file run23.txt (compact mmCIF, C-alpha atoms)
# COMPACT_ATOMS: atom_id res chain seq x y z
CA MET A 1 0.00 0.00 0.00
CA ASN A 2 1.32 3.46 -0.86
CA ILE A 3 0.91 6.03 1.87
CA ASP A 4 2.71 9.23 2.73
CA THR A 5 5.75 8.31 4.85
CA ARG A 6 5.39 11.44 6.95
CA LEU A 7 1.79 10.64 7.82
CA ALA A 8 2.58 7.03 8.70
CA LEU A 9 5.54 8.02 10.87
CA LEU A 10 3.65 10.71 12.79
CA GLN A 11 0.81 8.30 13.54
CA ALA A 12 3.29 5.64 14.68
CA PHE A 13 5.07 8.07 17.02
CA THR A 14 1.81 8.80 18.87
CA HIS A 15 2.35 5.29 20.37
CA GLY A 16 5.64 6.35 21.98
CA GLU A 17 9.26 7.13 21.24
CA SER A 18 11.29 4.96 18.92
CA TYR A 19 14.26 4.79 16.54
CA GLY A 20 14.59 4.14 12.79
CA LEU A 21 14.57 0.35 12.61
CA GLU A 22 11.92 -0.04 15.29
CA ILE A 23 9.56 2.56 13.83
CA ILE A 24 9.56 0.75 10.47
CA GLU A 25 8.49 -2.42 12.29
CA ARG A 26 5.88 -0.52 14.30
CA VAL A 27 4.31 0.96 11.14
CA ARG A 28 4.27 -2.51 9.58
CA LYS A 29 2.61 -4.07 12.65
CA LEU A 30 0.06 -1.28 13.17
CA SER A 31 -1.01 -1.55 9.52
CA ASN A 32 -1.23 -5.37 9.67
CA GLY A 33 1.73 -5.63 7.33
CA LYS A 34 0.13 -3.42 4.65
CA ILE A 35 2.46 -0.43 4.98
CA LYS A 36 6.18 -1.05 4.60
CA ILE A 37 8.49 1.95 4.69
CA PRO A 38 11.86 1.29 3.02
CA GLN A 39 14.66 1.75 5.54
CA GLY A 40 16.50 4.20 3.29
CA ARG A 41 13.52 6.56 3.20
CA VAL A 42 12.90 6.62 6.92
CA TYR A 43 15.91 8.64 8.01
CA PRO A 44 15.44 11.66 5.70
CA ALA A 45 11.73 11.66 6.68
CA LEU A 46 12.61 11.56 10.40
CA ARG A 47 15.11 14.40 10.00
CA ALA A 48 12.59 16.44 8.01
CA LEU A 49 9.95 15.93 10.73
CA GLU A 50 12.49 16.98 13.33
CA ALA A 51 13.36 20.11 11.33
CA GLU A 52 9.64 20.93 11.15
CA GLY A 53 9.41 20.64 14.94
CA MET A 54 7.11 17.60 14.84
CA LEU A 55 9.70 15.31 16.43
CA GLU A 56 12.63 15.77 18.79
CA SER A 57 15.57 13.40 19.04
CA TYR A 58 18.35 12.35 21.37
CA ASP A 59 21.19 9.82 21.32
CA GLY A 60 20.91 6.67 23.44
CA PRO A 61 23.93 4.88 24.92
CA PRO A 62 26.52 3.39 22.50
CA LEU A 63 25.68 -0.22 21.69
CA PRO A 64 28.15 -2.99 20.78
CA GLU A 65 25.74 -4.55 18.24
CA ARG A 66 25.89 -1.25 16.34
CA GLY A 67 29.67 -1.11 16.36
CA GLY A 68 29.64 1.27 19.35
CA ARG A 69 27.24 3.71 17.74
CA PRO A 70 24.27 5.02 19.74
CA ARG A 71 20.68 4.66 18.63
CA ARG A 72 18.98 7.92 17.71
CA TYR A 73 15.64 8.01 19.48
CA TYR A 74 12.79 10.25 18.35
CA ARG A 75 9.70 11.33 20.25
CA ILE A 76 6.72 13.34 19.13
CA THR A 77 6.35 16.98 20.21
CA ALA A 78 3.13 18.81 21.12
CA ALA A 79 3.07 20.28 17.59
CA GLY A 80 3.57 16.79 16.17
CA GLU A 81 0.66 15.41 18.19
CA ARG A 82 -1.60 18.21 16.98
CA ALA A 83 -0.59 17.51 13.37
CA ALA A 84 -1.10 13.75 13.86
CA ARG A 85 -4.60 14.35 15.24
CA GLN A 86 -5.50 16.63 12.32
CA ASP A 87 -4.16 14.06 9.84
CA ALA A 88 -6.14 11.29 11.54
CA LYS A 89 -9.36 13.34 11.42
CA ALA A 90 -8.84 14.13 7.72
CA LEU A 91 -8.09 10.48 6.95
CA TYR A 92 -11.09 9.31 8.93
CA ALA A 93 -13.39 11.69 7.03
CA LEU A 94 -11.90 10.45 3.78
CA LEU A 95 -12.29 6.78 4.69
CA LYS A 96 -15.78 6.96 6.24
CA PRO A 97 -17.67 5.95 3.05
CA ALA A 98 -15.35 3.00 2.45
CA LEU A 99 -15.87 1.88 6.06
CA GLY A 100 -19.66 2.12 5.62
CA MET A 101 -19.91 4.93 8.17
CA ALA A 102 -20.96 7.81 5.92
CA MET B 1 9.90 -43.73 22.44
CA PHE B 2 12.11 -42.89 25.43
CA ARG B 3 12.34 -39.41 26.87
CA SER B 4 16.01 -39.75 27.63
CA ILE B 5 19.04 -41.23 25.94
CA LEU B 6 21.38 -43.65 27.66
CA PHE B 7 25.02 -43.50 26.73
CA ARG B 8 28.23 -44.83 28.14
CA ARG B 9 30.57 -42.13 29.31
CA SER B 10 33.68 -44.25 29.45
CA ARG B 11 34.48 -47.77 28.25
CA GLU B 12 37.03 -48.33 31.01
CA ARG B 13 34.92 -47.24 33.95
CA ASP B 14 31.67 -48.62 32.62
CA GLU B 15 30.03 -45.39 33.61
CA TRP B 16 26.62 -44.64 32.14
CA CYS B 17 24.50 -41.53 32.19
CA THR B 18 21.30 -40.27 30.66
CA VAL B 19 20.56 -37.06 28.82
CA ASP B 20 17.09 -35.63 28.66
CA LYS B 21 16.18 -35.71 24.99
CA LYS B 22 14.25 -32.45 25.06
CA LYS B 23 17.11 -30.67 26.78
CA LEU B 24 19.44 -32.15 24.22
CA ALA B 25 17.22 -31.00 21.39
CA ASP B 26 16.83 -27.51 22.88
CA SER B 27 20.56 -27.21 23.29
CA ILE B 28 21.47 -27.10 19.64
CA GLU B 29 20.56 -24.07 17.64
CA TYR B 30 20.93 -25.28 14.12
CA TYR B 31 19.71 -28.55 12.64
CA ARG B 32 22.35 -30.01 10.34
CA GLY B 33 20.73 -33.28 9.37
CA TYR B 34 21.86 -35.40 12.32
CA THR B 35 19.57 -37.95 13.89
CA LEU B 36 19.50 -39.34 17.40
CA HIS B 37 19.29 -43.13 17.52
CA ASN B 38 17.10 -44.23 20.41
CA ASP B 39 17.77 -47.38 22.34
CA ASP B 40 14.43 -48.82 21.20
CA GLY B 41 15.64 -48.78 17.59
CA THR B 42 13.71 -45.66 16.55
CA THR B 43 15.28 -42.31 15.61
CA THR B 44 14.63 -38.70 16.60
CA ARG B 45 15.46 -35.72 14.44
CA LEU B 46 16.90 -32.68 16.17
CA SER B 47 15.07 -29.38 15.92
CA LEU B 48 16.87 -26.92 18.00
CA LYS B 49 16.85 -23.44 19.45
CA THR B 50 19.29 -22.15 22.06
CA ALA B 51 22.85 -23.18 22.67
CA ASP B 52 23.73 -24.66 26.05
CA GLU B 53 27.07 -24.93 27.79
CA GLY B 54 28.00 -27.92 25.61
CA ALA B 55 27.31 -26.01 22.44
CA ARG B 56 29.56 -23.22 23.64
CA ARG B 57 32.49 -25.57 24.00
CA ASP B 58 35.46 -25.17 21.74
CA VAL B 59 35.06 -26.91 18.38
CA ARG B 60 38.51 -28.47 18.65
CA LEU B 61 37.67 -30.10 21.98
CA LEU B 62 34.40 -31.43 20.64
CA ARG B 63 36.15 -32.84 17.59
CA GLN B 64 38.74 -34.55 19.78
CA SER B 65 35.97 -35.97 21.91
CA LEU B 66 34.21 -37.23 18.80
CA GLU B 67 37.34 -38.88 17.39
CA ALA B 68 38.52 -40.38 20.68
CA ARG B 69 35.26 -42.10 21.49
CA GLU B 70 34.72 -44.57 18.70
CA HIS B 71 32.99 -46.92 21.12
CA ILE B 72 30.27 -44.61 22.30
CA ALA B 73 26.63 -44.99 21.46
CA ASP B 74 25.34 -43.64 18.15
CA SER B 75 23.14 -41.16 19.98
CA TYR B 76 26.06 -39.53 21.74
CA ARG B 77 28.14 -39.50 18.55
CA SER B 78 25.24 -37.78 16.81
CA TYR B 79 25.02 -35.30 19.64
CA LEU B 80 28.70 -34.47 19.44
CA LYS B 81 28.55 -34.20 15.66
CA ALA B 82 25.63 -31.83 15.97
CA LEU B 83 27.47 -29.74 18.56
CA VAL B 84 30.49 -29.47 16.25
CA ALA B 85 28.22 -28.45 13.38
CA VAL B 86 26.47 -25.86 15.56
CA ARG B 87 29.72 -24.36 16.78
CA GLU B 88 31.14 -24.21 13.24
CA GLU B 89 27.97 -22.61 11.94
CA GLN B 90 28.07 -20.03 14.75
CA GLY B 91 31.65 -19.24 13.77
CA ARG B 92 30.67 -18.82 10.12
CA ARG B 93 27.82 -16.50 11.10
CA ALA B 94 30.08 -14.37 13.30
CA ALA B 95 32.69 -14.17 10.52
CA ARG B 96 30.00 -13.13 8.01
CA PHE B 97 28.85 -10.32 10.32
CA GLU B 98 32.41 -9.22 11.02
CA ALA B 99 33.17 -8.97 7.29
CA ALA B 100 29.95 -7.04 6.65
CA SER B 101 30.70 -4.68 9.56
CA ARG B 102 34.19 -4.03 8.21
CA VAL B 103 32.78 -3.07 4.79
CA LEU B 104 30.18 -0.77 6.36
CA ASP B 105 32.70 0.78 8.76
CA GLY B 106 35.04 1.52 5.84
CA TRP B 107 32.22 3.03 3.83
CA GLY B 108 31.04 5.04 6.83
CA ALA B 109 34.35 6.91 7.01
CA ILE B 110 33.23 9.19 4.16
CA LEU B 111 29.71 9.78 5.47
CA PRO B 112 28.49 12.73 7.56
CA SER B 113 28.61 11.97 11.28
CA ARG B 114 24.82 11.87 11.76
CA ILE B 115 24.34 9.37 8.92
CA PHE B 116 27.36 7.37 10.11
CA LYS B 117 25.84 7.01 13.56
CA GLU B 118 22.13 6.79 12.90
CA ASP B 119 21.52 5.28 9.45
CA LEU B 120 24.61 3.08 9.30
CA GLY B 121 24.19 2.04 12.95
CA ASP B 122 20.70 0.76 12.16
CA TYR B 123 21.96 -1.07 9.07
CA ILE B 124 24.73 -2.72 11.11
CA GLU B 125 22.22 -3.75 13.78
CA ASP B 126 19.95 -5.23 11.12
CA THR B 127 22.87 -6.98 9.40
CA GLY B 128 23.86 -8.55 12.74
CA ARG B 129 20.34 -9.85 13.25
CA ARG B 130 20.32 -11.41 9.78
CA ALA B 131 23.75 -12.94 10.33
CA ARG B 132 22.58 -14.47 13.63
CA GLU B 133 19.55 -15.92 11.82
CA GLY B 134 21.95 -17.62 9.43
CA GLN B 135 21.10 -15.60 6.34
CA ARG B 136 23.97 -15.67 3.91
CA PHE B 137 22.81 -13.54 0.99
CA GLY B 138 20.50 -11.46 3.17
CA VAL B 139 23.55 -10.02 4.93
CA TRP B 140 25.20 -8.89 1.70
CA ILE B 141 21.94 -7.62 0.21
CA ARG B 142 21.62 -5.48 3.35
CA VAL B 143 25.18 -4.21 2.98
CA THR B 144 24.51 -3.24 -0.65
CA ALA B 145 21.26 -1.49 0.35
CA ALA B 146 23.09 0.32 3.16
CA VAL B 147 25.80 1.61 0.80
CA PHE B 148 23.19 2.75 -1.74
CA TRP B 149 20.78 4.47 0.66
CA THR B 150 23.34 6.06 2.97
CA GLY B 151 25.21 7.34 -0.10
CA LEU B 152 22.02 8.84 -1.50
CA ASN B 153 21.04 10.32 1.87
CA ALA B 154 24.53 11.75 2.33
CA ILE B 155 24.33 13.50 -1.06
CA SER B 156 20.92 15.02 -0.28
CA PHE B 157 22.16 15.96 3.21
CA ALA B 158 25.17 17.77 1.70
CA MET B 159 23.00 19.50 -0.93
CA LYS B 160 20.60 20.76 1.73
CA LEU B 161 23.54 22.08 3.74
CA LEU B 162 24.94 23.86 0.67
CA GLY B 163 21.50 25.29 -0.11
CA LYS B 164 21.23 26.66 3.42
CA LYS B 165 24.68 28.24 3.22
CA ARG B 166 23.88 29.89 -0.10
CA ALA B 167 20.55 31.16 1.20
CA GLY B 168 22.25 32.44 4.37
call {"tool": "encode", "arguments": {"input": "run23.txt", "output": "structure tokens"}}
result
Amino acid sequence: MNIDTRLALLQAFTHGESYGLEIIERVRKLSNGKIKIPQGRVYPALRALEAEGMLESYDGPPLPERGGRPRRYYRITAAGERAARQDAKALYALLKPALGMA
Amino acid sequence: MFRSILFRRSRERDEWCTVDKKKLADSIEYYRGYTLHNDDGTTTRLSLKTADEGARRDVRLLRQSLEAREHIADSYRSYLKALVAVREEQGRRAARFEAASRVLDGWGAILPSRIFKEDLGDYIEDTGRRAREGQRFGVWIRVTAAVFWTGLNAISFAMKLLGKKRAG
């Protein structure tokens, strides 16, 4: 299924903070395997969302399984939550007829 | 079918012991086609998950044990063979991950620090998981994808930075 990466990521972050690899898996699980974001596209999207003020990030501790690199964790900001809610409302209105709720 | 396997520990001392078959089966991570011969004449195929202390033993010691004990029961020989196979496979997996990490580390030297840490770190983590699962081609497909995507992201990162400088 094709869906805007930004929209999918914002919705996934309303469930709590996460990092690149994990958020891809979360989107996949929440959409019952229908939405798969390619790993290469996630990072520019996360950085763009951070630049827009929708997400904030911090480095975790260095991990040996990452060759001593830290994970970069992201969490949603108040502005991000507002945007996610607006997106969800718009999507819901769009999908109502298909869900038989019009 | 018996729940445990009886084998003779030493010909000289006539010492016997039993091994719980389930524990034995759970102790080997990777099935390599070996079969346990039960003392009632039937056989049991190994399907295995986590490695136990035995599986962590040095391959050389296990090999010696296997070669030195020609007299031991088929079941125990099968067990030792399986342990050797497991240990060798674990070594191959670790070597595969090490080689992939080296390639990615070398490639990462020319990447911006943020991409080096975040994007490449995630790719290395994912490569390690695949290597542990025993994927051979999956590891190298991941390395190729990592080089492609991090390269592309680094170019767009640099272009954005240049654009900002020009605008500023």
call {"tool": "residues_around", "arguments": {"input": "run23.txt", "residues": "B:Trp149", "least_positions_apart": "6", "cutoff": "9 Å", "atoms": "all atoms listed in the file", "output": "list in words"}}
result
Gln39, Gly40 and Arg41 of chain A; Asp119 of chain B
call {"tool": "residues_near_point", "arguments": {"input": "run23.txt", "point": "(22.3, 5.3, 19.9)", "cutoff": "8 Å", "atoms": "all atoms listed in the file", "output": "VMD selection string"}}
result
(chain A and resid 59 to 63 69 to 73) or (chain B and resid 117 to 118 121)
call {"tool": "atom_distance", "arguments": {"input": "run23.txt", "atom1": "atom CA of B:Thr150", "atom2": "atom CA of B:Ala109"}}
result
11.8 Å
call {"tool": "atom_distance", "arguments": {"input": "run23.txt", "atom1": "atom CA of B:Arg136", "atom2": "atom CA of B:Val86"}}
result
15.7 Å
call {"tool": "interface_residues", "arguments": {"input": "run23.txt", "of": "chain B", "to": "chain A", "cutoff": "12 Å", "atoms": "only C-alpha atoms", "output": "JSON list (two decimals) with C-alpha atoms, keeping the file's coordinate frame"}}
result
[["chain", "number", "residue", "atom", "x", "y", "z"],
["B", 94, "ALA", "CA", 30.08, -14.37, 13.30],
["B", 97, "PHE", "CA", 28.85, -10.32, 10.32],
["B", 98, "GLU", "CA", 32.41, -9.22, 11.02],
["B", 100, "ALA", "CA", 29.95, -7.04, 6.65],
["B", 101, "SER", "CA", 30.70, -4.68, 9.56],
["B", 102, "ARG", "CA", 34.19, -4.03, 8.21],
["B", 104, "LEU", "CA", 30.18, -0.77, 6.36],
["B", 105, "ASP", "CA", 32.70, 0.78, 8.76],
["B", 108, "GLY", "CA", 31.04, 5.04, 6.83],
["B", 113, "SER", "CA", 28.61, 11.97, 11.28],
["B", 114, "ARG", "CA", 24.82, 11.87, 11.76],
["B", 115, "ILE", "CA", 24.34, 9.37, 8.92],
["B", 116, "PHE", "CA", 27.36, 7.37, 10.11],
["B", 117, "LYS", "CA", 25.84, 7.01, 13.56],
["B", 118, "GLU", "CA", 22.13, 6.79, 12.90],
["B", 119, "ASP", "CA", 21.52, 5.28, 9.45],
["B", 120, "LEU", "CA", 24.61, 3.08, 9.30],
["B", 121, "GLY", "CA", 24.19, 2.04, 12.95],
["B", 122, "ASP", "CA", 20.70, 0.76, 12.16],
["B", 123, "TYR", "CA", 21.96, -1.07, 9.07],
["B", 124, "ILE", "CA", 24.73, -2.72, 11.11],
["B", 125, "GLU", "CA", 22.22, -3.75, 13.78],
["B", 126, "ASP", "CA", 19.95, -5.23, 11.12],
["B", 127, "THR", "CA", 22.87, -6.98, 9.40],
["B", 128, "GLY", "CA", 23.86, -8.55, 12.74],
["B", 129, "ARG", "CA", 20.34, -9.85, 13.25],
["B", 131, "ALA", "CA", 23.75, -12.94, 10.33],
["B", 132, "ARG", "CA", 22.58, -14.47, 13.63],
["B", 142, "ARG", "CA", 21.62, -5.48, 3.35],
["B", 144, "THR", "CA", 24.51, -3.24, -0.65],
["B", 145, "ALA", "CA", 21.26, -1.49, 0.35],
["B", 146, "ALA", "CA", 23.09, 0.32, 3.16],
["B", 147, "VAL", "CA", 25.80, 1.61, 0.80],
["B", 148, "PHE", "CA", 23.19, 2.75, -1.74],
["B", 149, "TRP", "CA", 20.78, 4.47, 0.66],
["B", 150, "THR", "CA", 23.34, 6.06, 2.97],
["B", 151, "GLY", "CA", 25.21, 7.34, -0.10],
["B", 152, "LEU", "CA", 22.02, 8.84, -1.50],
["B", 153, "ASN", "CA", 21.04, 10.32, 1.87],
["B", 154, "ALA", "CA", 24.53, 11.75, 2.33],
["B", 155, "ILE", "CA", 24.33, 13.50, -1.06],
["B", 156, "SER", "CA", 20.92, 15.02, -0.28],
["B", 157, "PHE", "CA", 22.16, 15.96, 3.21],
["B", 160, "LYS", "CA", 20.60, 20.76, 1.73]]
call {"tool": "atom_distance", "arguments": {"input": "run23.txt", "atom1": "atom CA of A:Ser31", "atom2": "atom CA of B:Trp140"}}
result
28.3 Å
call {"tool": "closest_residue", "arguments": {"input": "run23.txt", "among": "A:Ala48, A:Ala84, A:Tyr74, A:Asn32", "to": "A:Thr14", "atoms": "all atoms listed in the file"}}
result
A:Ala84
call {"tool": "residues_around", "arguments": {"input": "run23.txt", "residues": "A:His15", "least_positions_apart": "3", "cutoff": "12 Å", "atoms": "all atoms listed in the file", "output": "ChimeraX atom specification"}}
result
/A:8-12,18,23,26-27,30,74-76,81,84
